[in-house]
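**Q** My structure is stored as data-v5.pdb, with PDB, C-alpha atoms and all ligand atoms.
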```pdb
ATOM      1  CA  MET A 188      36.194  18.804 117.329  1.00  0.00           C
ATOM      2  CA  ARG A 189      37.340  22.381 116.775  1.00  0.00           C
ATOM      3  CA  TYR A 190      36.666  23.973 113.417  1.00  0.00           C
ATOM      4  CA  TYR A 191      38.769  26.526 111.641  1.00  0.00           C
ATOM      5  CA  ILE A 192      37.760  29.391 109.360  1.00  0.00           C
ATOM      6  CA  CYS A 193      39.456  29.426 105.972  1.00  0.00           C
ATOM      7  CA  ASN A 194      41.525  32.572 105.498  1.00  0.00           C
ATOM      8  CA  TYR A 195      40.498  32.763 101.862  1.00  0.00           C
ATOM      9  CA  CYS A 196      36.861  31.694 101.490  1.00  0.00           C
ATOM     10  CA  TYR A 197      35.908  32.204 105.183  1.00  0.00           C
ATOM     11  CA  LYS A 198      34.129  28.852 105.312  1.00  0.00           C
ATOM     12  CA  GLU A 199      34.368  26.659 108.350  1.00  0.00           C
ATOM     13  CA  PHE A 200      36.340  23.518 107.844  1.00  0.00           C
ATOM     14  CA  GLU A 201      37.450  20.556 109.837  1.00  0.00           C
ATOM     15  CA  PRO A 202      41.245  20.373 110.031  1.00  0.00           C
ATOM     16  CA  THR A 203      42.710  17.279 108.520  1.00  0.00           C
ATOM     17  CA  ARG A 204      46.008  17.646 110.286  1.00  0.00           C
ATOM     18  CA  ARG A 205      46.928  18.383 113.894  1.00  0.00           C
ATOM     19  CA  ARG A 206      48.774  21.597 113.159  1.00  0.00           C
ATOM     20  CA  VAL A 207      47.003  24.893 112.523  1.00  0.00           C
ATOM     21  CA  GLN A 208      45.588  25.122 109.020  1.00  0.00           C
ATOM     22  CA  LYS A 209      44.792  28.508 107.584  1.00  0.00           C
ATOM     23  CA  PHE A 210      42.929  27.316 104.514  1.00  0.00           C
ATOM     24  CA  CYS A 211      40.267  24.734 103.879  1.00  0.00           C
ATOM     25  CA  CYS A 212      41.931  23.287 100.818  1.00  0.00           C
ATOM     26  CA  ASN A 213      45.002  23.582  98.603  1.00  0.00           C
ATOM     27  CA  SER A 214      42.978  25.586  96.100  1.00  0.00           C
ATOM     28  CA  CYS A 215      42.212  28.346  98.652  1.00  0.00           C
ATOM     29  CA  ARG A 216      45.784  28.286  99.865  1.00  0.00           C
ATOM     30  CA  SER A 217      47.209  28.905  96.397  1.00  0.00           C
ATOM     31  CA  LYS A 218      44.556  31.502  95.537  1.00  0.00           C
ATOM     32  CA  ALA A 219      45.359  33.401  98.729  1.00  0.00           C
ATOM     33  CA  HIS A 220      49.054  33.169  97.947  1.00  0.00           C
ATOM     34  CA  ASN A 221      48.532  34.523  94.426  1.00  0.00           C
ATOM     35  CA  ALA A 222      46.257  37.311  95.669  1.00  0.00           C
ATOM     36  CA  LYS A 223      48.899  38.394  98.172  1.00  0.00           C
ATOM     37  CA  LYS A 224      51.599  38.374  95.504  1.00  0.00           C
ATOM     38  CA  LEU A 225      49.398  40.369  93.129  1.00  0.00           C
ATOM     39  CA  LYS A 226      48.555  42.928  95.814  1.00  0.00           C
ATOM     40  CA  GLN A 227      52.213  43.377  96.680  1.00  0.00           C
ATOM     41  CA  SER A 228      53.304  43.826  93.087  1.00  0.00           C
ATOM     42  CA  LYS A 229      50.475  46.250  92.325  1.00  0.00           C
ATOM     43  CA  LEU A 230      50.832  48.282  95.487  1.00  0.00           C
ATOM     44  CA  PRO A 231      54.463  48.245  96.492  1.00  0.00           C
ATOM     45  CA  THR A 232      53.925  50.837  99.240  1.00  0.00           C
ATOM     46  CA  THR A 233      51.195  48.885 101.008  1.00  0.00           C
ATOM     47  CA  LYS A 234      53.589  46.640 102.833  1.00  0.00           C
ATOM     48  CA  ILE A 235      55.781  49.539 103.965  1.00  0.00           C
ATOM     49  CA  GLU A 236      52.771  51.432 105.285  1.00  0.00           C
ATOM     50  CA  ASN A 237      51.518  48.398 107.122  1.00  0.00           C
ATOM     51  CA  THR A 238      54.737  48.036 109.085  1.00  0.00           C
ATOM     52  CA  ASN A 239      54.016  51.401 110.714  1.00  0.00           C
ATOM     53  CA  VAL A 240      50.567  50.359 111.841  1.00  0.00           C
ATOM     54  CA  PRO A 241      50.742  48.679 115.215  1.00  0.00           C
ATOM     55  CA  THR A 242      48.957  45.333 115.005  1.00  0.00           C
ATOM     56  CA  ASN A 243      48.481  45.181 118.734  1.00  0.00           C
ATOM     57  CA  ILE A 244      47.724  48.640 120.109  1.00  0.00           C
ATOM     58  CA  ASN A 245      48.875  48.952 123.660  1.00  0.00           C
ATOM     59  CA  PRO A 246      46.517  51.321 125.511  1.00  0.00           C
ATOM     60  CA  GLU A 247      49.401  52.603 127.677  1.00  0.00           C
ATOM     61  CA  GLN A 248      51.409  53.556 124.582  1.00  0.00           C
ATOM     62  CA  THR A 249      48.387  55.288 123.068  1.00  0.00           C
ATOM     63  CA  LYS A 250      47.878  57.250 126.263  1.00  0.00           C
ATOM     64  CA  THR A 251      51.512  58.367 126.317  1.00  0.00           C
ATOM     65  CA  LYS A 252      51.262  59.463 122.709  1.00  0.00           C
ATOM     66  CA  VAL A 253      48.130  61.514 123.387  1.00  0.00           C
ATOM     67  CA  GLU A 254      49.769  63.140 126.407  1.00  0.00           C
ATOM     68  CA  ALA A 255      52.890  63.954 124.421  1.00  0.00           C
ATOM     69  CA  MET A 256      50.685  65.539 121.770  1.00  0.00           C
ATOM     70  CA  SER A 257      48.870  67.726 124.281  1.00  0.00           C
ATOM     71  CA  VAL A 258      52.182  68.951 125.699  1.00  0.00           C
ATOM     72  CA  GLN A 259      53.120  69.937 122.149  1.00  0.00           C
ATOM     73  CA  GLY A 260      49.771  71.656 121.808  1.00  0.00           C
ATOM     74  CA  VAL A 261      50.344  73.578 125.014  1.00  0.00           C
ATOM     75  CA  ALA A 262      53.846  74.524 123.833  1.00  0.00           C
ATOM     76  CA  ASN A 263      52.312  75.908 120.635  1.00  0.00           C
ATOM     77  CA  ALA A 264      49.669  77.743 122.635  1.00  0.00           C
ATOM     78  CA  THR A 265      52.432  79.177 124.828  1.00  0.00           C
ATOM     79  CA  LEU A 266      54.264  80.454 121.761  1.00  0.00           C
ATOM     80  CA  GLY A 267      51.005  82.042 120.681  1.00  0.00           C
ATOM     81  CA  THR A 268      50.702  83.701 124.075  1.00  0.00           C
ATOM     82  CA  LEU A 269      54.301  84.924 123.855  1.00  0.00           C
ATOM     83  CA  LEU A 270      53.565  86.491 120.506  1.00  0.00           C
ATOM     84  CA  ALA A 271      50.369  88.085 121.846  1.00  0.00           C
ATOM     85  CA  ASP A 272      52.312  89.444 124.832  1.00  0.00           C
ATOM     86  CA  TRP A 273      55.000  90.736 122.529  1.00  0.00           C
ATOM     87  CA  ILE A 274      52.404  92.660 120.556  1.00  0.00           C
ATOM     88  CA  ARG A 275      50.770  93.870 123.779  1.00  0.00           C
ATOM     89  CA  LEU A 276      54.135  95.101 125.050  1.00  0.00           C
ATOM     90  CA  GLY A 277      54.139  97.394 122.058  1.00  0.00           C
ATOM     91  CA  LEU A 278      57.287  95.980 120.546  1.00  0.00           C
ATOM     92  CA  THR A 279      55.713  95.953 117.120  1.00  0.00           C
ATOM     93  CA  LYS A 280      53.925  99.298 117.360  1.00  0.00           C
ATOM     94  CA  ASP A 281      56.011 100.592 114.503  1.00  0.00           C
ATOM     95  CA  VAL A 282      57.565  97.810 112.471  1.00  0.00           C
ATOM     96  CA  ASN A 283      59.479 100.287 110.325  1.00  0.00           C
ATOM     97  CA  LEU A 284      61.503 101.592 113.270  1.00  0.00           C
ATOM     98  CA  PRO A 285      64.454  99.494 114.406  1.00  0.00           C
ATOM     99  CA  ALA A 286      63.990  97.911 117.809  1.00  0.00           C
ATOM    100  CA  THR A 287      65.518 100.004 120.548  1.00  0.00           C
ATOM    101  CA  LYS A 288      67.734  98.582 123.256  1.00  0.00           C
ATOM    102  CA  GLY A 289      64.840  99.053 125.629  1.00  0.00           C
ATOM    103  CA  ASP A 290      62.549  96.981 123.389  1.00  0.00           C
ATOM    104  CA  LEU A 291      65.070  94.151 123.298  1.00  0.00           C
ATOM    105  CA  VAL A 292      65.612  94.256 127.071  1.00  0.00           C
ATOM    106  CA  GLU A 293      61.839  93.965 127.517  1.00  0.00           C
ATOM    107  CA  LEU A 294      61.650  91.112 125.037  1.00  0.00           C
ATOM    108  CA  VAL A 295      64.517  89.143 126.563  1.00  0.00           C
ATOM    109  CA  LYS A 296      63.055  89.702 130.025  1.00  0.00           C
ATOM    110  CA  HIS A 297      59.776  88.302 128.760  1.00  0.00           C
ATOM    111  CA  LEU A 298      61.247  85.361 126.879  1.00  0.00           C
ATOM    112  CA  THR A 299      63.477  84.271 129.737  1.00  0.00           C
ATOM    113  CA  LYS A 300      60.524  84.102 132.078  1.00  0.00           C
ATOM    114  CA  ARG A 301      60.213  80.541 133.291  1.00  0.00           C
ATOM    115  CA  TYR A 302      56.478  80.268 133.948  1.00  0.00           C
ATOM    116  CA  HIS A 303      53.792  81.290 131.517  1.00  0.00           C
ATOM    117  CA  LYS A 304      50.124  81.287 132.379  1.00  0.00           C
ATOM    118  CA  ILE A 305      48.166  78.998 130.064  1.00  0.00           C
ATOM    119  CA  LEU A 306      45.109  80.915 128.979  1.00  0.00           C
ATOM    120  CA  ASN A 307      43.215  78.171 127.168  1.00  0.00           C
ATOM    121  CA  HIS A 308      43.472  75.574 129.920  1.00  0.00           C
ATOM    122  CA  PRO A 309      40.969  75.465 132.803  1.00  0.00           C
ATOM    123  CA  GLN A 310      42.036  75.760 136.394  1.00  0.00           C
ATOM    124  CA  ARG A 311      42.220  72.581 138.415  1.00  0.00           C
ATOM    125  CA  HIS A 312      39.398  71.534 140.758  1.00  0.00           C
ATOM    126  CA  ASP A 313      41.472  72.728 143.748  1.00  0.00           C
ATOM    127  CA  GLY A 314      41.563  76.238 142.289  1.00  0.00           C
ATOM    128  CA  THR A 315      45.188  76.168 141.169  1.00  0.00           C
ATOM    129  CA  LEU A 316      46.027  77.752 137.827  1.00  0.00           C
ATOM    130  CA  PRO A 317      47.947  76.073 135.012  1.00  0.00           C
ATOM    131  CA  TYR A 318      51.359  77.396 133.994  1.00  0.00           C
ATOM    132  CA  PHE A 319      53.762  76.215 131.352  1.00  0.00           C
ATOM    133  CA  ASP A 320      57.251  75.710 132.740  1.00  0.00           C
ATOM    134  CA  LEU A 321      59.686  76.534 129.932  1.00  0.00           C
ATOM    135  CA  HIS A 322      62.593  74.950 131.810  1.00  0.00           C
ATOM    136  CA  THR A 323      61.048  71.514 132.099  1.00  0.00           C
ATOM    137  CA  ASN A 324      58.480  71.754 129.260  1.00  0.00           C
ATOM    138  CA  THR A 325      55.729  70.615 131.582  1.00  0.00           C
ATOM    139  CA  ILE A 326      52.428  71.960 132.831  1.00  0.00           C
ATOM    140  CA  ILE A 327      52.424  72.829 136.498  1.00  0.00           C
ATOM    141  CA  TYR A 328      49.675  74.114 138.757  1.00  0.00           C
ATOM    142  CA  SER A 329      50.145  76.832 141.325  1.00  0.00           C
ATOM    143  CA  PHE A 330      48.111  78.755 143.904  1.00  0.00           C
ATOM    144  CA  ILE A 331      50.541  81.669 143.678  1.00  0.00           C
ATOM    145  CA  PRO A 332      50.664  83.699 140.427  1.00  0.00           C
ATOM    146  CA  LEU A 333      53.989  82.755 138.799  1.00  0.00           C
ATOM    147  CA  ASP A 334      53.977  84.882 135.689  1.00  0.00           C
ATOM    148  CA  ASN A 335      54.693  88.233 137.304  1.00  0.00           C
TER     149      ASN A 335
HETATM  150 ZN    ZN A 401      38.599  27.946 101.581  1.00  0.00          ZN
END
```
Output the file's structure in the form of structure tokens.
**A**
Amino acid sequence: MRYYICNYCYKEFEPTRRRVQKFCCNSCRSKAHNAKKLKQSKLPTTKIENTNVPTNINPEQTKTKVEAMSVQGVANATLGTLLADWIRLGLTKDVNLPATKGDLVELVKHLTKRYHKILNHPQRHDGTLPYFDLHTNTIIYSFIPLDN
């Protein structure tokens, strides 16, 4: 005979009917029902929050999410690099002077570059270096320097 665990008092009980019973007795069933109602009325946001929590976490989905997040992180790092390059190019050497045409040509040339070396990402075991491809928003690896 298979025993069930009561969802309210967590005691083992022998089912009296063939179908699945969640509670050991009517008393536990009504107490659980009242507790649920009370919780919902006291915390109206709880139920809404719970709908966003996956009850059955699929490891594949989690992996995809983590990968998507690292691509975002790399994109942010790339923007940081762009800003650092911009400063290095001397475009901000005197912020009070208006940008010259030459400054803007340099900047556009830099910003339209497709591949940007990722500085905070290690090279791959085969020696290839990581680059961020602005056209496809992906990380690629290359033997040949692509950022010049
Ligand atoms: Zn019970």
**Q** When you count all atoms listed in the file, which of these residues is closest to ligand ZN 401 (chain A): A:Ile326, A:Cys212, A:Leu291, A:Val207?
**A**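 Result for the nearest residue to ligand ZN 401 (chain A): A:Cys212.
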**Q** May I ask which of the residues A:Cys215, A:Ile192, A:Leu298, A:Leu321 is the closest one to ligand ZN 401 (chain A), counting only C-alpha atoms and all ligand atoms?
**A**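 The answer is A:Cys215, which sits nearest to ligand ZN 401 (chain A).
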**Q** Grab me every residue within 6 Å of ligand ZN 401 (chain A), counting all atoms listed in the file, and send it over as JSON, numbers by chain.
**A** {"A": [193, 195, 196, 198, 210, 211, 212, 215]}
**Q** May I ask for the distance between atom CA of Leu316 of chain A and atom CA of Arg301 of chain A, given in Å to one decimal place?
**A**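 Computing the Euclidean distance for atom CA of Leu316 of chain A and atom CA of Arg301 of chain A yields 15.2 Å.
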**Q** Pick from A:Lys226, A:Glu201, A:Tyr302, A:Pro309: nearest to Ile331 of chain A, with all atoms listed in the file counted?
**A**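 For Ile331 of chain A, the nearest of the candidates is A:Tyr302.
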**Q** Near Tyr190 of chain A, counting all atoms listed in the file, which residues have an atom at most 7 Å away, once you skip same-chain residues fewer than 6 positions from it, shown as a list of chain:residue names?
**A**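 Everything that qualifies: A:Glu199, A:Phe200, A:Glu201, A:Pro202.
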**Q** What is the distance, in Å and to one decimal place, between atom CA of Asp334 of chain A and atom CA of Phe319 of chain A?
**A** 9.7 Å
**Q** Could you state the separation of atom CA of Lys304 of chain A and atom CA of Tyr318 of chain A in Å, given to one decimal place?
**A**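 About the pair atom CA of Lys304 of chain A and atom CA of Tyr318 of chain A: they are 4.4 Å apart.
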